[in-house]
Amino acid sequence: MSNSVNILVVEDESIVSKDIQNSLKKIGYNVVGACNNAQEAIDLATELHPDVVLMDIMLKGPLTGIDAADQIKLLNIPVIFLTAYADEATLAKAKVTEPYGYILKPFKEKDLSISIDMAIHRHKKLTELKKERDFLYSIVENKVGAKDVLFVKSNSRLVKINTKDIFFIEALKDYVTINTELMRYTMHSTMKDIEKKVSPSDFMRVHRSFIIRIDKIVAIENHNLILEKDKKPIPIGGSYKDDLLQRLNMV
């Protein structure tokens, strides 16, 4: 994973800093910057936006490595702390910054490589989860997809469904199933929530357990709706019958 990975080194002992930089280069990482104080670390991280920051936890000066990490975290850059020794109080403060790891000095090149690769992998996964979470929130808030598209979670993926492809939606206890011609998607939701997400001009609830797409109806037979593609008959609930008949273009 080391190829094209950019590292910022923050260490106030010049000999140690040079040693770290040489080790990183030997492994194959790119050292994009190095500094010896917290403020410069924040400035360089903002300017360079490295993939990982290696941060001495006990920097000299008014700001510590913990202070710098707290600011750099806001840039969505993973920080790994370098430490020779830290008391429990210092480590407790460090934990609040949610570092991606700790490397004990003196270190081995293998320790550097493993810690950096794990930090990058974890950061990538957390970023993907955040994007998915934010995307789901935006869907719930009707900020994405309008009413002609739904996104459903299927096998750990978000799948886009064009609502024109939906035949009917069925309630099954605490779940609902969205039925298209070829696929069936099951999710934890309620019919009330689904009704809010589909267009009322295209969809209608015809039974407490069924919402149908109106243009998929081909016939009404024995209190059941017959849909295109020989889908299963959908029962018409007594309290929904009058509304349904009003919606259909009857002659």
# chains A, B, ... in the order shown; residues from 1 in each chain; ligands from 1

call {"tool": "select_by_dssp", "arguments": {"residues": "segment 51-162 of chain A", "states": "helix (DSSP H, G or I)", "output": "mmCIF file with N, CA and C atoms, in the first residue's frame"}}
result
data_model
loop_
_atom_site.group_PDB
_atom_site.id
_atom_site.type_symbol
_atom_site.label_atom_id
_atom_site.label_comp_id
_atom_site.auth_asym_id
_atom_site.auth_seq_id
_atom_site.Cartn_x
_atom_site.Cartn_y
_atom_site.Cartn_z
ATOM 1 N N GLY A 65 1.172 17.885 20.661
ATOM 2 C CA GLY A 65 0.761 17.061 19.523
ATOM 3 C C GLY A 65 -0.715 16.729 19.589
ATOM 4 N N ILE A 66 -1.237 16.637 20.811
ATOM 5 C CA ILE A 66 -2.671 16.358 20.979
ATOM 6 C C ILE A 66 -3.495 17.533 20.466
ATOM 7 N N ASP A 67 -3.060 18.756 20.786
ATOM 8 C CA ASP A 67 -3.754 19.956 20.288
ATOM 9 C C ASP A 67 -3.758 19.988 18.760
ATOM 10 N N ALA A 68 -2.609 19.676 18.164
ATOM 11 C CA ALA A 68 -2.499 19.678 16.704
ATOM 12 C C ALA A 68 -3.404 18.604 16.094
ATOM 13 N N ALA A 69 -3.392 17.413 16.695
ATOM 14 C CA ALA A 69 -4.215 16.307 16.181
ATOM 15 C C ALA A 69 -5.692 16.658 16.239
ATOM 16 N N ASP A 70 -6.083 17.378 17.289
ATOM 17 C CA ASP A 70 -7.482 17.768 17.443
ATOM 18 C C ASP A 70 -7.927 18.653 16.292
ATOM 19 N N GLN A 71 -7.041 19.524 15.814
ATOM 20 C CA GLN A 71 -7.351 20.402 14.685
ATOM 21 C C GLN A 71 -7.278 19.650 13.362
ATOM 22 N N ILE A 72 -6.282 18.801 13.230
ATOM 23 C CA ILE A 72 -6.080 18.072 11.970
ATOM 24 C C ILE A 72 -7.213 17.073 11.729
ATOM 25 N N LYS A 73 -7.786 16.570 12.828
ATOM 26 C CA LYS A 73 -8.919 15.652 12.694
ATOM 27 C C LYS A 73 -10.062 16.292 11.914
ATOM 28 N N LEU A 74 -10.228 17.617 12.068
ATOM 29 C CA LEU A 74 -11.298 18.342 11.375
ATOM 30 C C LEU A 74 -11.077 18.366 9.864
ATOM 31 N N LEU A 75 -9.834 18.097 9.433
ATOM 32 C CA LEU A 75 -9.502 18.059 8.006
ATOM 33 C C LEU A 75 -9.734 16.671 7.412
ATOM 34 N N GLU A 88 -0.882 8.160 31.941
ATOM 35 C CA GLU A 88 -2.288 7.828 31.672
ATOM 36 C C GLU A 88 -3.119 9.067 31.359
ATOM 37 N N ALA A 89 -2.824 10.172 32.039
ATOM 38 C CA ALA A 89 -3.593 11.401 31.808
ATOM 39 C C ALA A 89 -3.391 11.900 30.376
ATOM 40 N N THR A 90 -2.133 11.824 29.903
ATOM 41 C CA THR A 90 -1.835 12.258 28.532
ATOM 42 C C THR A 90 -2.517 11.344 27.522
ATOM 43 N N LEU A 91 -2.461 10.045 27.750
ATOM 44 C CA LEU A 91 -3.102 9.098 26.837
ATOM 45 C C LEU A 91 -4.615 9.281 26.822
ATOM 46 N N ALA A 92 -5.163 9.624 27.996
ATOM 47 C CA ALA A 92 -6.615 9.859 28.068
ATOM 48 C C ALA A 92 -6.999 11.063 27.203
ATOM 49 N N LYS A 93 -6.175 12.112 27.241
ATOM 50 C CA LYS A 93 -6.430 13.286 26.391
ATOM 51 C C LYS A 93 -6.261 12.928 24.921
ATOM 52 N N ALA A 94 -5.261 12.107 24.635
ATOM 53 C CA ALA A 94 -4.989 11.717 23.251
ATOM 54 C C ALA A 94 -6.153 10.937 22.647
ATOM 55 N N LYS A 95 -6.786 10.096 23.457
ATOM 56 C CA LYS A 95 -7.898 9.277 22.963
ATOM 57 C C LYS A 95 -9.043 10.122 22.434
ATOM 58 N N VAL A 96 -9.243 11.293 23.030
ATOM 59 C CA VAL A 96 -10.345 12.170 22.623
ATOM 60 C C VAL A 96 -10.200 12.607 21.165
ATOM 61 N N GLU A 109 10.880 -0.470 11.297
ATOM 62 C CA GLU A 109 10.257 -0.101 10.023
ATOM 63 C C GLU A 109 8.951 -0.868 9.804
ATOM 64 N N LYS A 110 8.916 -2.114 10.235
ATOM 65 C CA LYS A 110 7.711 -2.915 10.075
ATOM 66 C C LYS A 110 6.556 -2.311 10.874
ATOM 67 N N ASP A 111 6.867 -1.761 12.084
ATOM 68 C CA ASP A 111 5.835 -1.121 12.903
ATOM 69 C C ASP A 111 5.244 0.074 12.164
ATOM 70 N N LEU A 112 6.108 0.869 11.543
ATOM 71 C CA LEU A 112 5.647 2.025 10.770
ATOM 72 C C LEU A 112 4.727 1.589 9.646
ATOM 73 N N SER A 113 5.194 0.626 8.873
ATOM 74 C CA SER A 113 4.440 0.175 7.699
ATOM 75 C C SER A 113 3.070 -0.373 8.080
ATOM 76 N N ILE A 114 3.037 -1.233 9.104
ATOM 77 C CA ILE A 114 1.762 -1.835 9.519
ATOM 78 C C ILE A 114 0.801 -0.771 10.039
ATOM 79 N N SER A 115 1.307 0.124 10.884
ATOM 80 C CA SER A 115 0.445 1.156 11.472
ATOM 81 C C SER A 115 -0.122 2.089 10.404
ATOM 82 N N ILE A 116 0.715 2.485 9.451
ATOM 83 C CA ILE A 116 0.258 3.397 8.401
ATOM 84 C C ILE A 116 -0.750 2.710 7.482
ATOM 85 N N ASP A 117 -0.455 1.487 7.061
ATOM 86 C CA ASP A 117 -1.377 0.774 6.164
ATOM 87 C C ASP A 117 -2.726 0.519 6.836
ATOM 88 N N MET A 118 -2.685 0.163 8.124
ATOM 89 C CA MET A 118 -3.939 -0.062 8.858
ATOM 90 C C MET A 118 -4.726 1.231 8.999
ATOM 91 N N ALA A 119 -4.027 2.344 9.257
ATOM 92 C CA ALA A 119 -4.693 3.640 9.403
ATOM 93 C C ALA A 119 -5.381 4.039 8.099
ATOM 94 N N ILE A 120 -4.691 3.855 6.980
ATOM 95 C CA ILE A 120 -5.265 4.212 5.674
ATOM 96 C C ILE A 120 -6.469 3.335 5.362
ATOM 97 N N HIS A 121 -6.355 2.044 5.647
ATOM 98 C CA HIS A 121 -7.468 1.128 5.397
ATOM 99 C C HIS A 121 -8.685 1.492 6.256
ATOM 100 N N ARG A 122 -8.431 1.751 7.544
ATOM 101 C CA ARG A 122 -9.534 2.103 8.446
ATOM 102 C C ARG A 122 -10.177 3.430 8.034
ATOM 103 N N HIS A 123 -9.337 4.398 7.658
ATOM 104 C CA HIS A 123 -9.857 5.710 7.248
ATOM 105 C C HIS A 123 -10.727 5.577 5.999
ATOM 106 N N LYS A 124 -10.292 4.743 5.052
ATOM 107 C CA LYS A 124 -11.059 4.527 3.827
ATOM 108 C C LYS A 124 -12.434 3.933 4.151
ATOM 109 N N LYS A 125 -12.452 2.932 5.027
ATOM 110 C CA LYS A 125 -13.715 2.284 5.390
ATOM 111 C C LYS A 125 -14.641 3.251 6.128
ATOM 112 N N LEU A 126 -14.087 4.024 7.057
ATOM 113 C CA LEU A 126 -14.900 4.984 7.805
ATOM 114 C C LEU A 126 -15.450 6.068 6.884
ATOM 115 N N THR A 127 -14.657 6.489 5.898
ATOM 116 C CA THR A 127 -15.110 7.497 4.937
ATOM 117 C C THR A 127 -16.253 6.947 4.094
ATOM 118 N N GLU A 128 -16.133 5.682 3.677
ATOM 119 C CA GLU A 128 -17.202 5.055 2.891
ATOM 120 C C GLU A 128 -18.485 4.948 3.707
ATOM 121 N N LEU A 129 -18.336 4.567 4.978
ATOM 122 C CA LEU A 129 -19.514 4.456 5.849
ATOM 123 C C LEU A 129 -20.175 5.810 6.054
ATOM 124 N N LYS A 130 -19.371 6.844 6.220
ATOM 125 C CA LYS A 130 -19.913 8.192 6.412
ATOM 126 C C LYS A 130 -20.663 8.650 5.159
ATOM 127 N N LYS A 131 -20.080 8.384 3.990
ATOM 128 C CA LYS A 131 -20.741 8.763 2.742
ATOM 129 C C LYS A 131 -22.075 8.054 2.605
ATOM 130 N N GLU A 132 -22.079 6.747 2.949
ATOM 131 C CA GLU A 132 -23.323 5.990 2.852
ATOM 132 C C GLU A 132 -24.354 6.512 3.843
ATOM 133 N N ARG A 133 -23.890 6.798 5.079
ATOM 134 C CA ARG A 133 -24.802 7.321 6.103
ATOM 135 C C ARG A 133 -25.389 8.671 5.678
ATOM 136 N N ASP A 134 -24.513 9.559 5.181
ATOM 137 C CA ASP A 134 -24.983 10.878 4.747
ATOM 138 C C ASP A 134 -25.944 10.759 3.570
ATOM 139 N N PHE A 135 -25.648 9.812 2.684
ATOM 140 C CA PHE A 135 -26.501 9.597 1.513
ATOM 141 C C PHE A 135 -27.883 9.105 1.942
ATOM 142 N N LEU A 136 -27.890 8.179 2.908
ATOM 143 C CA LEU A 136 -29.167 7.666 3.409
ATOM 144 C C LEU A 136 -29.967 8.772 4.089
ATOM 145 N N TYR A 137 -29.266 9.623 4.875
ATOM 146 C CA TYR A 137 -29.953 10.745 5.507
ATOM 147 C C TYR A 137 -30.571 11.664 4.458
ATOM 148 N N SER A 138 -29.808 11.904 3.381
ATOM 149 C CA SER A 138 -30.313 12.815 2.354
ATOM 150 C C SER A 138 -31.527 12.227 1.649
ATOM 151 N N ILE A 139 -31.547 10.896 1.512
ATOM 152 C CA ILE A 139 -32.710 10.253 0.900
ATOM 153 C C ILE A 139 -33.928 10.389 1.816
ATOM 154 N N VAL A 140 -33.700 10.128 3.114
ATOM 155 C CA VAL A 140 -34.796 10.238 4.081
ATOM 156 C C VAL A 140 -35.376 11.655 4.084
#

call {"tool": "residues_around", "arguments": {"residues": "Ala219 of chain A", "least_positions_apart": "4", "cutoff": "12 Å", "atoms": "only C-alpha atoms", "output": "PDB file with N, CA and C atoms, in the first residue's frame"}}
result
ATOM      1  N   ILE A 214     -50.264   2.347 -10.311  1.00  0.00           N
ATOM      2  CA  ILE A 214     -51.559   2.362 -10.986  1.00  0.00           C
ATOM      3  C   ILE A 214     -51.462   1.925 -12.437  1.00  0.00           C
ATOM      4  N   ASP A 215     -50.407   2.346 -13.143  1.00  0.00           N
ATOM      5  CA  ASP A 215     -50.341   1.998 -14.562  1.00  0.00           C
ATOM      6  C   ASP A 215     -49.947   0.545 -14.815  1.00  0.00           C
ATOM      7  N   HIS A 223     -62.661  -8.802  -6.655  1.00  0.00           N
ATOM      8  CA  HIS A 223     -62.086  -7.980  -5.586  1.00  0.00           C
ATOM      9  C   HIS A 223     -60.567  -8.035  -5.531  1.00  0.00           C
ATOM     10  N   ASN A 224     -59.963  -8.405  -6.644  1.00  0.00           N
ATOM     11  CA  ASN A 224     -58.508  -8.417  -6.745  1.00  0.00           C
ATOM     12  C   ASN A 224     -58.057  -7.583  -7.942  1.00  0.00           C
ATOM     13  N   LEU A 225     -56.876  -6.995  -7.834  1.00  0.00           N
ATOM     14  CA  LEU A 225     -56.272  -6.314  -8.961  1.00  0.00           C
ATOM     15  C   LEU A 225     -55.351  -7.287  -9.692  1.00  0.00           C
ATOM     16  N   ILE A 226     -55.472  -7.308 -11.017  1.00  0.00           N
ATOM     17  CA  ILE A 226     -54.575  -8.116 -11.831  1.00  0.00           C
ATOM     18  C   ILE A 226     -53.558  -7.164 -12.453  1.00  0.00           C
ATOM     19  N   LEU A 227     -52.277  -7.472 -12.240  1.00  0.00           N
ATOM     20  CA  LEU A 227     -51.213  -6.610 -12.731  1.00  0.00           C
ATOM     21  C   LEU A 227     -50.544  -7.200 -13.972  1.00  0.00           C
ATOM     22  N   GLU A 228     -49.796  -6.353 -14.659  1.00  0.00           N
ATOM     23  CA  GLU A 228     -49.033  -6.805 -15.825  1.00  0.00           C
ATOM     24  C   GLU A 228     -48.078  -7.934 -15.444  1.00  0.00           C
ATOM     25  N   ASP A 230     -48.438 -10.995 -15.288  1.00  0.00           N
ATOM     26  CA  ASP A 230     -49.011 -12.095 -14.493  1.00  0.00           C
ATOM     27  C   ASP A 230     -48.489 -12.130 -13.061  1.00  0.00           C
ATOM     28  N   LYS A 231     -48.322 -10.949 -12.503  1.00  0.00           N
ATOM     29  CA  LYS A 231     -47.944 -10.887 -11.090  1.00  0.00           C
ATOM     30  C   LYS A 231     -49.101 -11.401 -10.248  1.00  0.00           C
ATOM     31  N   PRO A 233     -52.267 -11.748  -7.892  1.00  0.00           N
ATOM     32  CA  PRO A 233     -53.407 -10.849  -7.685  1.00  0.00           C
ATOM     33  C   PRO A 233     -53.249 -10.076  -6.377  1.00  0.00           C
ATOM     34  N   ILE A 234     -53.609  -8.810  -6.394  1.00  0.00           N
ATOM     35  CA  ILE A 234     -53.501  -7.958  -5.215  1.00  0.00           C
ATOM     36  C   ILE A 234     -54.901  -7.692  -4.669  1.00  0.00           C
ATOM     37  N   LEU A 245     -61.600   3.205  -7.434  1.00  0.00           N
ATOM     38  CA  LEU A 245     -62.496   3.350  -8.588  1.00  0.00           C
ATOM     39  C   LEU A 245     -62.519   4.786  -9.108  1.00  0.00           C
ATOM     40  N   LEU A 248     -59.362   5.309 -11.300  1.00  0.00           N
ATOM     41  CA  LEU A 248     -59.308   4.623 -12.594  1.00  0.00           C
ATOM     42  C   LEU A 248     -60.177   5.362 -13.604  1.00  0.00           C
ATOM     43  N   MET A 250     -62.654   5.098 -15.711  1.00  0.00           N
ATOM     44  CA  MET A 250     -63.721   4.159 -16.083  1.00  0.00           C
ATOM     45  C   MET A 250     -64.712   4.798 -17.047  1.00  0.00           C
TER      46      MET A 250
END

call {"tool": "residues_around", "arguments": {"residues": "segment 17-25 of chain A", "least_positions_apart": "4", "cutoff": "12 Å", "atoms": "only C-alpha atoms", "output": "ChimeraX atom specification"}}
result
/A:2-13,29-37,52,54-56,82,103,105-116

call {"tool": "write_last_selection", "arguments": {"atoms": "N, CA and C atoms", "output": "mmCIF file, in the first residue's frame"}}
result
data_model
loop_
_atom_site.group_PDB
_atom_site.id
_atom_site.type_symbol
_atom_site.label_atom_id
_atom_site.label_comp_id
_atom_site.auth_asym_id
_atom_site.auth_seq_id
_atom_site.Cartn_x
_atom_site.Cartn_y
_atom_site.Cartn_z
ATOM 1 N N SER A 2 2.149 1.129 0.151
ATOM 2 C CA SER A 2 2.994 2.295 0.371
ATOM 3 C C SER A 2 3.102 3.223 -0.831
ATOM 4 N N ASN A 3 2.915 2.693 -2.051
ATOM 5 C CA ASN A 3 3.066 3.519 -3.238
ATOM 6 C C ASN A 3 2.121 4.709 -3.212
ATOM 7 N N SER A 4 2.696 5.888 -3.488
ATOM 8 C CA SER A 4 1.947 7.150 -3.612
ATOM 9 C C SER A 4 1.187 7.548 -2.355
ATOM 10 N N VAL A 5 1.583 7.030 -1.200
ATOM 11 C CA VAL A 5 0.992 7.442 0.073
ATOM 12 C C VAL A 5 1.822 8.588 0.640
ATOM 13 N N ASN A 6 1.176 9.716 0.906
ATOM 14 C CA ASN A 6 1.874 10.923 1.366
ATOM 15 C C ASN A 6 1.815 11.053 2.884
ATOM 16 N N ILE A 7 2.969 11.255 3.494
ATOM 17 C CA ILE A 7 3.075 11.308 4.955
ATOM 18 C C ILE A 7 3.648 12.658 5.397
ATOM 19 N N LEU A 8 3.050 13.238 6.430
ATOM 20 C CA LEU A 8 3.601 14.427 7.091
ATOM 21 C C LEU A 8 4.178 13.983 8.436
ATOM 22 N N VAL A 9 5.436 14.316 8.677
ATOM 23 C CA VAL A 9 6.117 13.922 9.922
ATOM 24 C C VAL A 9 6.209 15.135 10.848
ATOM 25 N N VAL A 10 5.718 14.970 12.078
ATOM 26 C CA VAL A 10 5.777 16.044 13.075
ATOM 27 C C VAL A 10 6.532 15.507 14.294
ATOM 28 N N GLU A 11 7.768 15.957 14.437
ATOM 29 C CA GLU A 11 8.647 15.439 15.501
ATOM 30 C C GLU A 11 9.651 16.538 15.867
ATOM 31 N N ASP A 12 9.777 16.839 17.179
ATOM 32 C CA ASP A 12 10.642 17.958 17.573
ATOM 33 C C ASP A 12 12.079 17.550 17.878
ATOM 34 N N GLU A 13 12.382 16.278 17.836
ATOM 35 C CA GLU A 13 13.776 15.827 17.957
ATOM 36 C C GLU A 13 14.303 15.611 16.544
ATOM 37 N N TYR A 29 7.151 5.158 1.112
ATOM 38 C CA TYR A 29 6.190 6.241 1.299
ATOM 39 C C TYR A 29 6.776 7.561 0.816
ATOM 40 N N ASN A 30 5.896 8.519 0.513
ATOM 41 C CA ASN A 30 6.328 9.867 0.156
ATOM 42 C C ASN A 30 6.252 10.763 1.385
ATOM 43 N N VAL A 31 7.375 11.339 1.777
ATOM 44 C CA VAL A 31 7.378 12.311 2.875
ATOM 45 C C VAL A 31 7.150 13.685 2.247
ATOM 46 N N VAL A 32 5.933 14.208 2.413
ATOM 47 C CA VAL A 32 5.589 15.477 1.755
ATOM 48 C C VAL A 32 5.934 16.692 2.609
ATOM 49 N N GLY A 33 6.245 16.443 3.882
ATOM 50 C CA GLY A 33 6.588 17.562 4.749
ATOM 51 C C GLY A 33 7.058 17.076 6.102
ATOM 52 N N ALA A 34 7.783 17.932 6.817
ATOM 53 C CA ALA A 34 8.235 17.618 8.172
ATOM 54 C C ALA A 34 8.345 18.924 8.940
ATOM 55 N N CYS A 35 7.968 18.892 10.215
ATOM 56 C CA CYS A 35 8.067 20.086 11.054
ATOM 57 C C CYS A 35 8.244 19.651 12.504
ATOM 58 N N ASN A 36 8.472 20.648 13.385
ATOM 59 C CA ASN A 36 8.782 20.299 14.774
ATOM 60 C C ASN A 36 7.864 20.970 15.790
ATOM 61 N N ASN A 37 6.750 21.571 15.326
ATOM 62 C CA ASN A 37 5.832 22.190 16.288
ATOM 63 C C ASN A 37 4.385 22.049 15.814
ATOM 64 N N VAL A 52 -1.625 10.644 5.733
ATOM 65 C CA VAL A 52 -1.448 10.314 7.154
ATOM 66 C C VAL A 52 -0.490 11.333 7.773
ATOM 67 N N LEU A 54 2.107 11.582 11.003
ATOM 68 C CA LEU A 54 2.781 10.956 12.139
ATOM 69 C C LEU A 54 3.117 12.072 13.121
ATOM 70 N N MET A 55 2.524 12.024 14.299
ATOM 71 C CA MET A 55 2.551 13.151 15.229
ATOM 72 C C MET A 55 3.192 12.779 16.562
ATOM 73 N N ASP A 56 4.288 13.451 16.905
ATOM 74 C CA ASP A 56 4.884 13.296 18.234
ATOM 75 C C ASP A 56 3.867 13.794 19.263
ATOM 76 N N LEU A 82 3.215 9.332 17.716
ATOM 77 C CA LEU A 82 4.535 8.795 18.035
ATOM 78 C C LEU A 82 4.808 9.101 19.502
ATOM 79 N N ILE A 103 2.590 4.611 17.694
ATOM 80 C CA ILE A 103 3.852 3.939 17.409
ATOM 81 C C ILE A 103 4.823 4.284 18.525
ATOM 82 N N LYS A 105 8.354 4.701 20.294
ATOM 83 C CA LYS A 105 9.772 4.951 19.962
ATOM 84 C C LYS A 105 10.650 4.251 21.007
ATOM 85 N N PRO A 106 11.743 3.609 20.624
ATOM 86 C CA PRO A 106 12.223 3.439 19.244
ATOM 87 C C PRO A 106 11.358 2.434 18.487
ATOM 88 N N PHE A 107 11.203 2.647 17.203
ATOM 89 C CA PHE A 107 10.295 1.846 16.385
ATOM 90 C C PHE A 107 11.077 1.012 15.372
ATOM 91 N N LYS A 108 10.396 0.046 14.800
ATOM 92 C CA LYS A 108 10.943 -0.731 13.689
ATOM 93 C C LYS A 108 10.207 -0.320 12.418
ATOM 94 N N GLU A 109 10.880 -0.470 11.297
ATOM 95 C CA GLU A 109 10.257 -0.101 10.023
ATOM 96 C C GLU A 109 8.951 -0.868 9.804
ATOM 97 N N LYS A 110 8.916 -2.114 10.235
ATOM 98 C CA LYS A 110 7.711 -2.915 10.075
ATOM 99 C C LYS A 110 6.556 -2.311 10.874
ATOM 100 N N ASP A 111 6.867 -1.761 12.084
ATOM 101 C CA ASP A 111 5.835 -1.121 12.903
ATOM 102 C C ASP A 111 5.244 0.074 12.164
ATOM 103 N N LEU A 112 6.108 0.869 11.543
ATOM 104 C CA LEU A 112 5.647 2.025 10.770
ATOM 105 C C LEU A 112 4.727 1.589 9.646
ATOM 106 N N SER A 113 5.194 0.626 8.873
ATOM 107 C CA SER A 113 4.440 0.175 7.699
ATOM 108 C C SER A 113 3.070 -0.373 8.080
ATOM 109 N N ILE A 114 3.037 -1.233 9.104
ATOM 110 C CA ILE A 114 1.762 -1.835 9.519
ATOM 111 C C ILE A 114 0.801 -0.771 10.039
ATOM 112 N N SER A 115 1.307 0.124 10.884
ATOM 113 C CA SER A 115 0.445 1.156 11.472
ATOM 114 C C SER A 115 -0.122 2.089 10.404
ATOM 115 N N ILE A 116 0.715 2.485 9.451
ATOM 116 C CA ILE A 116 0.258 3.397 8.401
ATOM 117 C C ILE A 116 -0.750 2.710 7.482
#

call {"tool": "atom_distance", "arguments": {"atom1": "atom CA of Ile57 of chain A", "atom2": "atom CA of Ile15 of chain A"}}
result
16.4 Å

call {"tool": "residues_around", "arguments": {"residues": "Thr180 of chain A", "least_positions_apart": "3", "cutoff": "8 Å", "atoms": "only C-alpha atoms", "output": "ChimeraX atom specification"}}
result
/A:165-168,183-184

call {"tool": "atom_distance", "arguments": {"atom1": "atom CA of Glu221 of chain A", "atom2": "atom CA of Val176 of chain A"}}
result
24.9 Å

call {"tool": "select_by_dssp", "arguments": {"residues": "segment 11-239 of chain A", "states": "strand (DSSP E)", "output": "PyMOL selection string"}}
result
chain A and resi 30-35+52-56+79-83+101-104+149-154+157-162+166-172+175-180+184-188+203-207+210-213+217-221+224-227+234-235

call {"tool": "residues_around", "arguments": {"residues": "Tyr175 of chain A", "least_positions_apart": "6", "cutoff": "6 Å", "atoms": "only C-alpha atoms", "output": "number ranges by chain"}}
result
A: 187-189

call {"tool": "write_last_selection", "arguments": {"atoms": "C-alpha atoms", "output": "JSON list (two decimals), in the first residue's frame"}}
result
[["chain", "number", "residue", "atom", "x", "y", "z"],
["A", 187, "MET", "CA", -36.13, -3.73, 3.89],
["A", 188, "HIS", "CA", -36.96, -2.64, 7.41],
["A", 189, "SER", "CA", -39.55, 0.10, 6.92]]

call {"tool": "residues_around", "arguments": {"residues": "Phe203 of chain A", "least_positions_apart": "6", "cutoff": "8 Å", "atoms": "only C-alpha atoms", "output": "PDB file with N, CA and C atoms, in the first residue's frame"}}
result
ATOM      1  N   ILE A 211     -49.353  -1.485  -1.689  1.00  0.00           N
ATOM      2  CA  ILE A 211     -49.345  -0.268  -2.509  1.00  0.00           C
ATOM      3  C   ILE A 211     -49.044  -0.725  -3.931  1.00  0.00           C
ATOM      4  N   ILE A 212     -49.797  -0.249  -4.912  1.00  0.00           N
ATOM      5  CA  ILE A 212     -49.570  -0.671  -6.290  1.00  0.00           C
ATOM      6  C   ILE A 212     -49.240   0.539  -7.163  1.00  0.00           C
ATOM      7  N   ARG A 213     -48.550   0.268  -8.262  1.00  0.00           N
ATOM      8  CA  ARG A 213     -48.346   1.309  -9.267  1.00  0.00           C
ATOM      9  C   ARG A 213     -49.553   1.240 -10.205  1.00  0.00           C
ATOM     10  N   ILE A 214     -50.264   2.347 -10.311  1.00  0.00           N
ATOM     11  CA  ILE A 214     -51.559   2.362 -10.986  1.00  0.00           C
ATOM     12  C   ILE A 214     -51.462   1.925 -12.437  1.00  0.00           C
TER      13      ILE A 214
END

call {"tool": "atom_distance", "arguments": {"atom1": "atom CA of Ser239 of chain A", "atom2": "atom CA of Ile169 of chain A"}}
result
18.1 Å
